[in-house]
file structure25.pdb (PDB, C-alpha atoms and all ligand atoms)
ATOM      1  CA  MET M   1      33.033  20.951  13.088  1.00  0.00           C
ATOM      2  CA  ALA M   2      30.273  21.622  15.600  1.00  0.00           C
ATOM      3  CA  TYR M   3      28.120  24.698  15.511  1.00  0.00           C
ATOM      4  CA  LYS M   4      25.627  26.075  18.003  1.00  0.00           C
ATOM      5  CA  GLY M   5      22.543  28.030  17.128  1.00  0.00           C
ATOM      6  CA  SER M   6      19.502  29.447  18.817  1.00  0.00           C
ATOM      7  CA  CYS M   7      16.525  31.747  18.519  1.00  0.00           C
ATOM      8  CA  HIS M   8      16.876  35.224  20.000  1.00  0.00           C
ATOM      9  CA  CYS M   9      15.530  34.523  23.480  1.00  0.00           C
ATOM     10  CA  GLY M  10      17.138  31.085  23.842  1.00  0.00           C
ATOM     11  CA  LYS M  11      13.960  29.012  24.149  1.00  0.00           C
ATOM     12  CA  ILE M  12      15.186  27.096  21.082  1.00  0.00           C
ATOM     13  CA  ALA M  13      18.831  26.020  20.945  1.00  0.00           C
ATOM     14  CA  TYR M  14      20.634  23.381  18.914  1.00  0.00           C
ATOM     15  CA  GLU M  15      23.931  21.896  17.844  1.00  0.00           C
ATOM     16  CA  VAL M  16      24.875  21.005  14.278  1.00  0.00           C
ATOM     17  CA  GLU M  17      27.763  18.782  13.277  1.00  0.00           C
ATOM     18  CA  GLY M  18      29.203  19.021   9.795  1.00  0.00           C
ATOM     19  CA  GLU M  19      31.272  20.875   7.270  1.00  0.00           C
ATOM     20  CA  LEU M  20      29.742  24.137   6.170  1.00  0.00           C
ATOM     21  CA  LYS M  21      30.096  24.057   2.402  1.00  0.00           C
ATOM     22  CA  THR M  22      26.889  24.868   0.592  1.00  0.00           C
ATOM     23  CA  VAL M  23      24.742  27.762   1.708  1.00  0.00           C
ATOM     24  CA  MET M  24      21.395  28.388   0.080  1.00  0.00           C
ATOM     25  CA  SER M  25      19.438  31.541  -0.374  1.00  0.00           C
ATOM     26  CA  CYS M  26      15.881  30.426  -1.125  1.00  0.00           C
ATOM     27  CA  ASN M  27      13.386  32.495  -3.069  1.00  0.00           C
ATOM     28  CA  CYS M  28      10.216  30.928  -1.679  1.00  0.00           C
ATOM     29  CA  SER M  29       7.591  33.262  -0.274  1.00  0.00           C
ATOM     30  CA  LEU M  30       8.572  32.494   3.329  1.00  0.00           C
ATOM     31  CA  CYS M  31      12.373  32.595   3.050  1.00  0.00           C
ATOM     32  CA  GLU M  32      12.220  35.890   1.192  1.00  0.00           C
ATOM     33  CA  LYS M  33      10.347  37.409   4.087  1.00  0.00           C
ATOM     34  CA  LYS M  34      12.567  36.036   6.803  1.00  0.00           C
ATOM     35  CA  GLY M  35      15.856  36.422   4.922  1.00  0.00           C
ATOM     36  CA  ALA M  36      17.074  32.976   5.925  1.00  0.00           C
ATOM     37  CA  LEU M  37      20.423  31.627   4.757  1.00  0.00           C
ATOM     38  CA  LEU M  38      20.031  27.864   4.750  1.00  0.00           C
ATOM     39  CA  TRP M  39      22.417  25.017   5.364  1.00  0.00           C
ATOM     40  CA  PHE M  40      20.931  21.569   4.807  1.00  0.00           C
ATOM     41  CA  VAL M  41      22.290  18.711   6.924  1.00  0.00           C
ATOM     42  CA  PRO M  42      21.121  15.130   7.480  1.00  0.00           C
ATOM     43  CA  ARG M  43      18.783  15.034  10.448  1.00  0.00           C
ATOM     44  CA  GLY M  44      21.260  12.911  12.403  1.00  0.00           C
ATOM     45  CA  GLN M  45      23.762  15.790  12.423  1.00  0.00           C
ATOM     46  CA  PHE M  46      21.237  18.087  14.057  1.00  0.00           C
ATOM     47  CA  LYS M  47      20.541  17.945  17.762  1.00  0.00           C
ATOM     48  CA  LEU M  48      17.867  20.050  19.402  1.00  0.00           C
ATOM     49  CA  LEU M  49      19.054  20.958  22.902  1.00  0.00           C
ATOM     50  CA  THR M  50      15.751  22.410  24.065  1.00  0.00           C
ATOM     51  CA  PRO M  51      12.339  20.654  24.232  1.00  0.00           C
ATOM     52  CA  GLU M  52      10.572  19.952  20.914  1.00  0.00           C
ATOM     53  CA  SER M  53       7.500  21.550  22.463  1.00  0.00           C
ATOM     54  CA  GLY M  54       9.362  24.868  22.719  1.00  0.00           C
ATOM     55  CA  ALA M  55       9.440  25.219  18.947  1.00  0.00           C
ATOM     56  CA  ALA M  56       6.169  25.971  17.173  1.00  0.00           C
ATOM     57  CA  THR M  57       5.609  24.657  13.646  1.00  0.00           C
ATOM     58  CA  TYR M  58       4.520  26.534  10.540  1.00  0.00           C
ATOM     59  CA  THR M  59       3.790  24.868   7.218  1.00  0.00           C
ATOM     60  CA  PHE M  60       2.452  26.196   3.916  1.00  0.00           C
ATOM     61  CA  ASN M  61       2.119  25.268   0.252  1.00  0.00           C
ATOM     62  CA  LYS M  62       2.586  21.459   0.183  1.00  0.00           C
ATOM     63  CA  HIS M  63       3.205  21.315   3.936  1.00  0.00           C
ATOM     64  CA  VAL M  64       6.310  19.178   3.437  1.00  0.00           C
ATOM     65  CA  ILE M  65       8.752  21.426   5.287  1.00  0.00           C
ATOM     66  CA  LYS M  66       8.156  22.031   8.959  1.00  0.00           C
ATOM     67  CA  HIS M  67       9.357  25.546   9.680  1.00  0.00           C
ATOM     68  CA  ARG M  68      10.090  25.679  13.389  1.00  0.00           C
ATOM     69  CA  PHE M  69       9.975  28.986  15.178  1.00  0.00           C
ATOM     70  CA  CYS M  70       9.925  30.542  18.612  1.00  0.00           C
ATOM     71  CA  GLU M  71       6.580  31.873  19.778  1.00  0.00           C
ATOM     72  CA  THR M  72       8.300  34.121  22.299  1.00  0.00           C
ATOM     73  CA  CYS M  73      10.834  36.012  20.161  1.00  0.00           C
ATOM     74  CA  GLY M  74       9.521  35.179  16.670  1.00  0.00           C
ATOM     75  CA  ILE M  75      12.784  33.874  15.229  1.00  0.00           C
ATOM     76  CA  HIS M  76      12.873  30.928  12.794  1.00  0.00           C
ATOM     77  CA  PRO M  77      16.137  29.105  13.584  1.00  0.00           C
ATOM     78  CA  PHE M  78      15.585  25.824  11.690  1.00  0.00           C
ATOM     79  CA  ALA M  79      13.213  23.611   9.718  1.00  0.00           C
ATOM     80  CA  TYR M  80      12.682  19.901   9.206  1.00  0.00           C
ATOM     81  CA  GLY M  81      12.215  18.421   5.772  1.00  0.00           C
ATOM     82  CA  VAL M  82      13.177  15.592   3.426  1.00  0.00           C
ATOM     83  CA  ASP M  83      15.541  15.684   0.468  1.00  0.00           C
ATOM     84  CA  PRO M  84      14.552  14.442  -3.016  1.00  0.00           C
ATOM     85  CA  LYS M  85      15.714  10.912  -2.082  1.00  0.00           C
ATOM     86  CA  GLY M  86      13.496  10.866   0.984  1.00  0.00           C
ATOM     87  CA  ASN M  87      16.252  11.352   3.554  1.00  0.00           C
ATOM     88  CA  GLU M  88      15.272  13.315   6.629  1.00  0.00           C
ATOM     89  CA  MET M  89      17.033  16.662   6.687  1.00  0.00           C
ATOM     90  CA  ALA M  90      17.345  19.711   8.869  1.00  0.00           C
ATOM     91  CA  ALA M  91      17.531  23.138   7.276  1.00  0.00           C
ATOM     92  CA  ILE M  92      19.605  25.387   9.494  1.00  0.00           C
ATOM     93  CA  ASN M  93      19.097  29.129   9.345  1.00  0.00           C
ATOM     94  CA  LEU M  94      22.727  30.239   9.466  1.00  0.00           C
ATOM     95  CA  ARG M  95      21.703  33.679  10.651  1.00  0.00           C
ATOM     96  CA  CYS M  96      20.884  31.970  13.961  1.00  0.00           C
ATOM     97  CA  VAL M  97      24.187  30.114  14.297  1.00  0.00           C
ATOM     98  CA  ASP M  98      26.909  31.542  16.540  1.00  0.00           C
ATOM     99  CA  GLY M  99      30.310  32.550  15.209  1.00  0.00           C
ATOM    100  CA  ILE M 100      29.468  32.606  11.496  1.00  0.00           C
ATOM    101  CA  ASP M 101      30.892  35.378   9.327  1.00  0.00           C
ATOM    102  CA  LEU M 102      27.756  35.877   7.264  1.00  0.00           C
ATOM    103  CA  GLY M 103      29.485  38.309   4.917  1.00  0.00           C
ATOM    104  CA  ALA M 104      32.023  35.653   3.924  1.00  0.00           C
ATOM    105  CA  LEU M 105      29.358  33.189   2.765  1.00  0.00           C
ATOM    106  CA  HIS M 106      28.562  32.823  -0.909  1.00  0.00           C
ATOM    107  CA  PRO M 107      24.967  31.647  -0.982  1.00  0.00           C
ATOM    108  CA  GLN M 108      23.715  29.687  -3.954  1.00  0.00           C
ATOM    109  CA  LYS M 109      20.267  30.465  -5.212  1.00  0.00           C
ATOM    110  CA  PHE M 110      17.691  27.827  -4.426  1.00  0.00           C
ATOM    111  CA  ASP M 111      14.479  27.987  -6.422  1.00  0.00           C
ATOM    112  CA  GLY M 112      12.092  27.157  -3.600  1.00  0.00           C
ATOM    113  CA  ARG M 113       9.403  29.195  -5.281  1.00  0.00           C
ATOM    114  CA  SER M 114       8.974  26.554  -7.964  1.00  0.00           C
ATOM    115  CA  LEU M 115       8.494  23.662  -5.508  1.00  0.00           C
TER     116      LEU M 115
HETATM  117 ZN    ZN M 201      12.975  32.714  21.177  1.00  0.00          ZN
END
call {"tool": "encode", "arguments": {"input": "structure25.pdb", "output": "structure tokens"}}
result
Amino acid sequence: MAYKGSCHCGKIAYEVEGELKTVMSCNCSLCEKKGALLWFVPRGQFKLLTPESGAATYTFNKHVIKHRFCETCGIHPFAYGVDPKGNEMAAINLRCVDGIDLGALHPQKFDGRSL
């Protein structure tokens, strides 16, 4: 299944390939503020359709996760990170993906605060 997502103004757009199974609601200080619902996919399943330079980068705490956001509209549509085994991952903010019934998702709690 292929999904398309973007920021609000369209300066950042992407495609994600995969089966949407596990959705995470993270309690870290950033995710709580932005209300992100996260779907983690291997980096190879994520394709940025707009220039890398169009997405600004924010990091905090251990600076491991690169939170990418749009400087024009302020939306955070995705992040880059690595999983515990060291595999490169993309964290998709499902609130920015088209055609998702957000109310039908059953997010699992992710304890990002303790990382
Ligand atoms: Zn934007």
call {"tool": "axis_aligned_box", "arguments": {"input": "structure25.pdb", "around": "segment 18-27 of chain M", "padding_each_side": "4 Å", "output": "lines of an AutoDock Vina configuration file"}}
result
center_x = 22.3
center_y = 25.8
center_z = 3.4
size_x = 25.9
size_y = 21.5
size_z = 20.9
call {"tool": "residues_around", "arguments": {"input": "structure25.pdb", "residues": "segment 49-58 of chain M", "least_positions_apart": "6", "cutoff": "7 Å", "atoms": "only C-alpha atoms", "output": "list in words"}}
result
Lys11, Ile12, Ala13, Tyr14, Lys66, His67, Arg68, Phe69, Cys70 and Glu71 of chain M
call {"tool": "residues_near_ligand", "arguments": {"input": "structure25.pdb", "ligand": "ligand ZN 201 (chain M)", "cutoff": "6 Å", "atoms": "all atoms listed in the file", "output": "number ranges by chain"}}
result
M: 7-11, 70, 72-73
call {"tool": "resolve_selection", "arguments": {"input": "structure25.pdb", "expression": "the PyMOL selection byres (((chain M and resi 39) around 9) and not hetatm)", "output": "VMD selection string"}}
result
chain M and resid 20 to 24 37 to 38 40 to 41 90 to 94
call {"tool": "closest_residue", "arguments": {"input": "structure25.pdb", "among": "M:Phe78, M:Tyr3, M:Asp111, M:Ala104", "to": "Lys34 of chain M", "atoms": "only C-alpha atoms"}}
result
M:Phe78
call {"tool": "closest_residue", "arguments": {"input": "structure25.pdb", "among": "M:Arg43, M:Ser25, M:Lys62, M:Glu19", "to": "Asn87 of chain M", "atoms": "only C-alpha atoms"}}
result
M:Arg43
call {"tool": "closest_residue", "arguments": {"input": "structure25.pdb", "among": "M:Ile100, M:Leu115, M:Leu48, M:Val16", "to": "Phe60 of chain M", "atoms": "only C-alpha atoms"}}
result
M:Leu115
call {"tool": "residues_around", "arguments": {"input": "structure25.pdb", "residues": "Gly99 of chain M", "least_positions_apart": "6", "cutoff": "12 Å", "atoms": "all atoms listed in the file", "output": "ChimeraX atom specification"}}
result
/M:2-6
call {"tool": "closest_residue", "arguments": {"input": "structure25.pdb", "among": "M:Met1, M:Ala79, M:Cys31, M:Val64", "to": "Glu15 of chain M", "atoms": "only C-alpha atoms"}}
result
M:Met1
call {"tool": "atom_distance", "arguments": {"input": "structure25.pdb", "atom1": "atom CA of Asp83 of chain M", "atom2": "atom CA of Pro42 of chain M"}}
result
9.0 Å
call {"tool": "atom_distance", "arguments": {"input": "structure25.pdb", "atom1": "atom CA of Glu17 of chain M", "atom2": "atom CA of Gln45 of chain M"}}
result
5.1 Å
call {"tool": "atom_distance", "arguments": {"input": "structure25.pdb", "atom1": "atom CA of Gly86 of chain M", "atom2": "atom CA of Cys28 of chain M"}}
result
20.5 Å
call {"tool": "resolve_selection", "arguments": {"input": "structure25.pdb", "expression": "the PyMOL selection byres (((chain M and resi 27) around 10) and not hetatm)", "output": "ChimeraX atom specification"}}
result
/M:24-26,28-33,35-36,109-114
call {"tool": "decode", "arguments": {"input": "structure25.pdb", "residues": "segment 15-54 of chain M", "atoms": "N, CA and C atoms", "output": "compact mmCIF listing (two decimals), in the first residue's frame"}}
result
# COMPACT_ATOMS: atom_id res chain seq x y z
N GLU M 15 6.15 10.02 -0.17
CA GLU M 15 5.39 8.78 -0.36
C GLU M 15 5.92 7.76 0.62
N VAL M 16 5.04 6.93 1.14
CA VAL M 16 5.44 5.85 2.04
C VAL M 16 4.82 4.57 1.53
N GLU M 17 5.62 3.52 1.49
CA GLU M 17 5.15 2.21 1.05
C GLU M 17 5.13 1.29 2.26
N GLY M 18 4.04 0.58 2.47
CA GLY M 18 4.03 -0.35 3.59
C GLY M 18 2.63 -0.62 4.07
N GLU M 19 2.56 -1.53 5.04
CA GLU M 19 1.29 -1.89 5.63
C GLU M 19 1.16 -1.19 6.97
N LEU M 20 0.11 -0.40 7.08
CA LEU M 20 -0.08 0.40 8.29
C LEU M 20 -0.65 -0.48 9.39
N LYS M 21 0.23 -0.92 10.30
CA LYS M 21 -0.23 -1.80 11.37
C LYS M 21 -0.11 -1.12 12.73
N THR M 22 1.11 -0.74 13.07
CA THR M 22 1.34 -0.21 14.40
C THR M 22 1.47 1.31 14.38
N VAL M 23 0.62 1.94 15.13
CA VAL M 23 0.64 3.40 15.25
C VAL M 23 1.03 3.75 16.68
N MET M 24 1.93 4.70 16.81
CA MET M 24 2.44 5.06 18.12
C MET M 24 2.02 6.47 18.51
N SER M 25 1.65 6.60 19.74
CA SER M 25 1.43 7.90 20.34
C SER M 25 2.55 8.07 21.37
N CYS M 26 3.44 9.01 21.11
CA CYS M 26 4.66 9.14 21.92
C CYS M 26 4.48 10.23 22.97
N ASN M 27 5.01 9.98 24.15
CA ASN M 27 4.83 10.93 25.25
C ASN M 27 6.05 11.82 25.48
N CYS M 28 6.95 11.89 24.49
CA CYS M 28 8.11 12.76 24.69
C CYS M 28 7.66 14.22 24.66
N SER M 29 8.53 15.10 25.10
CA SER M 29 8.14 16.50 25.28
C SER M 29 7.77 17.15 23.96
N LEU M 30 8.34 16.68 22.85
CA LEU M 30 8.02 17.27 21.54
C LEU M 30 6.71 16.70 20.98
N CYS M 31 6.59 15.38 20.97
CA CYS M 31 5.39 14.76 20.40
C CYS M 31 4.14 15.18 21.16
N GLU M 32 4.25 15.37 22.46
CA GLU M 32 3.07 15.81 23.21
C GLU M 32 2.61 17.16 22.72
N LYS M 33 3.55 18.02 22.40
CA LYS M 33 3.18 19.36 21.95
C LYS M 33 2.62 19.35 20.53
N LYS M 34 3.18 18.49 19.68
CA LYS M 34 2.68 18.54 18.31
C LYS M 34 1.57 17.52 18.04
N GLY M 35 1.31 16.62 18.98
CA GLY M 35 0.20 15.70 18.83
C GLY M 35 0.39 14.68 17.73
N ALA M 36 1.64 14.35 17.42
CA ALA M 36 1.92 13.45 16.31
C ALA M 36 1.43 12.03 16.60
N LEU M 37 0.93 11.37 15.55
CA LEU M 37 0.67 9.94 15.59
C LEU M 37 1.68 9.31 14.65
N LEU M 38 2.54 8.46 15.18
CA LEU M 38 3.71 8.02 14.43
C LEU M 38 3.59 6.61 13.88
N TRP M 39 4.09 6.47 12.69
CA TRP M 39 4.20 5.17 12.02
C TRP M 39 5.66 5.04 11.60
N PHE M 40 6.34 4.05 12.15
CA PHE M 40 7.76 3.85 11.85
C PHE M 40 7.91 2.88 10.68
N VAL M 41 8.67 3.28 9.68
CA VAL M 41 8.94 2.42 8.52
C VAL M 41 10.44 2.44 8.24
N PRO M 42 10.97 1.35 7.67
CA PRO M 42 12.37 1.38 7.23
C PRO M 42 12.58 2.53 6.24
N ARG M 43 13.73 3.15 6.33
CA ARG M 43 13.99 4.34 5.52
C ARG M 43 13.77 4.10 4.03
N GLY M 44 14.04 2.87 3.58
CA GLY M 44 13.88 2.53 2.17
C GLY M 44 12.43 2.59 1.69
N GLN M 45 11.48 2.55 2.61
CA GLN M 45 10.06 2.60 2.23
C GLN M 45 9.54 4.03 2.19
N PHE M 46 10.43 4.96 2.53
CA PHE M 46 10.05 6.37 2.57
C PHE M 46 10.76 7.10 1.44
N LYS M 47 10.00 7.87 0.69
CA LYS M 47 10.60 8.63 -0.41
C LYS M 47 10.15 10.08 -0.33
N LEU M 48 11.12 10.96 -0.11
CA LEU M 48 10.83 12.39 -0.08
C LEU M 48 10.70 12.87 -1.52
N LEU M 49 9.58 13.50 -1.84
CA LEU M 49 9.33 13.94 -3.22
C LEU M 49 9.78 15.37 -3.46
N THR M 50 10.06 16.08 -2.38
CA THR M 50 10.47 17.48 -2.48
C THR M 50 11.92 17.57 -2.01
N PRO M 51 12.64 18.66 -2.31
CA PRO M 51 14.07 18.73 -1.96
C PRO M 51 14.33 18.61 -0.46
N GLU M 52 15.39 17.88 -0.11
CA GLU M 52 15.80 17.76 1.30
C GLU M 52 15.94 19.14 1.94
N SER M 53 16.41 20.09 1.15
CA SER M 53 16.68 21.43 1.68
C SER M 53 15.38 22.16 2.06
N GLY M 54 14.25 21.66 1.59
CA GLY M 54 12.97 22.28 1.92
C GLY M 54 12.47 21.92 3.30
